[in-house]
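For reference, the structure is listed below as structure tokens.
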Amino acid sequence: MVTKRIISTLLAVVMLLSALVITVGAEESTETEAPVYTYNTTNATPTMDYLAGATILPEGSTEEPVAIDSPEKKLSMMDLRFEKDGYRLYVDAYSGEVATYCVETGETLFTNPYNINSPTSVDGKAPTDSIKSQLLSQLVVKYTDLATGNENTYYSYEWAASRGQIDVKNIKNGVRVEYTIGREESRMLVPRQIEKSSFETKILNVIAEALKDEGGENNFDYRKLKAYFVLKDASAQTTQEAIDDLHKNYPITKKMAVYVLDSTTQATEVARLEQIIKKYAPSYSYEDLDEDHMLTEYESEDENPPLFKMALEYTLDKYGVSVRLPANGIRFNETLYQLLGIEILPYMGAGKNPDKGNIFFPDGSGALFDFEKIEALGSSTTVTGKVYGQDYAYHTISGTHQEIIRYPVFGVYETETFETVVPDETSETGESVVTTEKDRGFLAVVEEGDALMELSAYCAVRTSPYNTVKMLVYPRPQDTYNIADAISVGTNDTWTVVSSRKYTGNYKVRYIMLTDDDVAAEKEIEDYYSCDYVGMAKAYREYLERNEVLTKLTEEDVK
């Protein structure tokens with residue numbers, strides 16, 4: 001692990017900045033009243049080609065898509081929804097992305113990377129669509145199917161945004177982004193049994209036509225779909241024994257030839273087939289599905305799929321933005337599924353290689369993960385710790401020795417590099433590329449739900465160029481026990497017990513933006529937090545002062 005150890009904890013750094021003494025007092029609100037502005041809302045429709053990271057062009061356009069490669073371009077694709085105390089909230093109602101813009105400094109904090117097509121330094125390739133889908137997610141739901149015991153992970157972009165299942169509402173002092181993660185429709189738009197000509201005319205021929213420029217019937221998606229369906233046709237049988245056997249297993253073949261979905265097809269494969277049908281045969285509807293099943297006398301056995309409902313609330317005050325996930329607002333079928341954990345804003349303010357920068361991780365005396373040193377390793381790095389250390393009533397000891405996380409704070413800062421094409425008469429092409437640098441960063445303070453949270457410093461390197469700190473929360477504490485420790489067995493089987501009591505409070509995180517020194521000088525801003533760990537320490541010190549956790553020493557205290 002490549003880390004740069006800080007000599008002391010954040011508080012020790014703070015002590016170098018000013019003499020402080022810890023006191024305990026009641027929390028008082030520091031929020032001041034300010035005019036509230038609301039802006040036009042939009043339906044959850046795509047505003048850009050998200051996985052391509054570029055603008056959407058009208059059909060038939062010969063122009064090149066504009067790449068979203070700067071904060072300004074990304075903001076132009078979002079809606080201004082709220083403004084207060086010198087900050088603005090921009091929202092993409094389709095993807096659920098939110099950006100906090102500081103009016104004084106012109107700096108922006110995004111919930112997700114705006115330039116997801118940035119190549120990795122390992123192979124120079126952009127992340128895969130699967131990784132991009134993760135980068136565009138604000139929530140990650142991890143659960144267990146109680147019927148099968150299988151664990152699974154749902155990312156909000158794939159399972160909410162791309163399905164049009166995000167709703168944005170105005171609330172007091174901010175906005176609320178509501179997510180329905182999973183399948184709202186209990187049925188999949190894949191016929192299990194369908195009359196031969198109906199399947200060919202409504203689905204196969206339509207898909208072949210849609211893919212005519214990409215191979216038609218030789219296209220991989222077409223062949224994949226057709227391979228999962230088996231034709232059951234009595235007229236194609238050569239013996240009476242075969243006909244009798246077909247009629248016995250598929251009585252409908254006495255009336256018509258049918259295509260039947262292979263009974264061994266797994267749920268994940270059915271979901272992929274559904275995507276193909278929806279994409280290339282969009283005219284095929286659930287009404288058509290019902291008619292085809294009724295015609296072939298098929299009775300659906302589809303069960304309730306995993307479906308999770310929750311919301312993130314973004315509110316502004318004069319110190320920045322706070323994000324809250326109400327735990328008592330999480331809804332799902334607890335008789336069928338067990339919620340293991342939720343990652344909240346896993347890529348908020350993520351830094352990017354090959355930019356210079358650091359992740360601050362509150363491990364023991366504190367650690368800085370240097371982007372350049374991590375990148376030089378050429379492999380992914382993850383360091384995970386439970387806030388305030390392991391609760392041995394609910395967690396097993398695992399992994400190598402690590403320092404305890406003492407404070408519920410973390411952050412990221414980087415020197416972001418931008419390349420701009422400008423006119424240049426001296427150049428052969430008439431243009432030249434100008435490279436500029438700008439520092440940015442944030443400090444995050446977990447205000448509620450911190451004792452049920454796990455933090456992970458995550459540097460992907462190979463799969464994407466982004467470095468971040470992920471928050472994983474546990475709605476229900478759980479204990480995993482190795483049976484081999486209690487009885488003589490030959491394997492390390494585990495037994496997991498989940499608490500019957502669940503957390504019903506909030507998971508709340510405050511984000512404090514850091515400021516580039518040059519920007520502060522240009523705008524003549526004297527009171528700001530610099531983009532380094534000293535700036536983070538100052539931000540945390542003043543946060544603790546505002547909440548009456550710390551007070552300055554007086555002359556009388558020194559005597």
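Ordering of the structure tokens sets the chain letters (A, B, ...); residue numbers start at 1 within each chain; ligands are numbered from 1 in the order shown.
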
Identify, on the basis of only C-alpha atoms, every residue whose closest approach to region 438-444 of chain A does not exceed 9 Å; exclude the query and any residue fewer than 6 positions from it along the same chain; express the result as a CSV table (one decimal) with C-alpha atoms, in the first residue's frame.
```csv
chain,number,residue,atom,x,y,z
A,107,GLU,CA,-16.0,25.9,-8.6
A,108,THR,CA,-18.2,22.8,-8.9
A,109,LEU,CA,-18.6,19.6,-7.0
A,349,GLY,CA,-15.8,14.5,-6.3
A,350,ALA,CA,-13.6,11.6,-7.5
A,351,GLY,CA,-10.0,12.5,-8.6
A,357,GLY,CA,-3.7,14.7,-6.1
A,360,PHE,CA,-7.3,11.7,2.6
A,408,PRO,CA,-15.8,10.4,10.4
A,409,VAL,CA,-14.1,12.6,7.8
A,410,PHE,CA,-12.4,12.0,4.4
A,411,GLY,CA,-11.6,14.0,1.3
A,412,VAL,CA,-10.1,14.3,-2.1
A,413,TYR,CA,-8.0,17.0,-3.7
A,414,GLU,CA,-6.3,17.2,-7.1
A,415,THR,CA,-4.7,19.4,-9.6
A,416,GLU,CA,-7.0,19.0,-12.6
A,417,THR,CA,-5.5,19.5,-16.1
A,418,PHE,CA,-7.4,20.9,-19.0
A,509,VAL,CA,-22.8,13.8,5.0
A,510,ARG,CA,-21.7,17.4,4.8
A,511,TYR,CA,-19.4,18.3,1.9
A,512,ILE,CA,-17.1,21.4,2.3
A,513,MET,CA,-15.5,22.6,-0.9
A,514,LEU,CA,-11.8,23.5,-1.1
A,515,THR,CA,-10.6,26.4,-3.2
A,516,ASP,CA,-7.7,26.9,-5.7
A,517,ASP,CA,-5.2,29.5,-4.4
A,518,ASP,CA,-5.0,31.3,-7.7
A,519,VAL,CA,-8.8,31.6,-7.9
A,530,SER,CA,-6.9,25.5,0.3
A,531,CYS,CA,-6.7,22.4,-1.8
A,532,ASP,CA,-4.4,20.3,0.5
A,535,GLY,CA,-7.1,23.2,4.0
A,536,MET,CA,-9.0,20.1,5.1
A,537,ALA,CA,-7.7,20.4,8.6
A,539,ALA,CA,-12.2,23.2,7.4
A,540,TYR,CA,-12.7,20.4,10.0
```

Compile a residue-level contact table for region 340-432 of chain A against region 149-173 of chain A at a cut-off of 10 Å, reporting for every qualifying residue the shortest atom pair and its distance in Å to one decimal, with only C-alpha atoms counted, rows ordered by chain and ascending number, as a Markdown table.
```
| residue | atom | partner | partner_atom | distance |
| --- | --- | --- | --- | --- |
| A:Leu340 | CA | A:Glu151 | CA | 8.7 |
| A:Gly341 | CA | A:Thr153 | CA | 9.6 |
| A:Ile342 | CA | A:Thr153 | CA | 9.5 |
| A:Glu343 | CA | A:Tyr155 | CA | 9.4 |
```

Legend entry - Counting only C-alpha atoms, the residue of A:Ala210, A:Tyr101, A:Gly124, A:Gly215 that sits nearest Ser283 (chain A):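 Answer, going by the shortest atom-to-atom distance: A:Ala210.
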
Inset, instruction - Determine which residues of region 172-269 of chain A DSSP labels as strand (DSSP E or B) from the backbone of this structure, then write them out as a VMD selection string. - result: chain A and resid 174 to 182 193 to 195 229 to 232 258 to 261

Legend entry - Surrounding residues of region 128-138 of chain A excluding itself and chain neighbours under 2 positions, 8 Å, only C-alpha atoms, as a count of residues only: 21
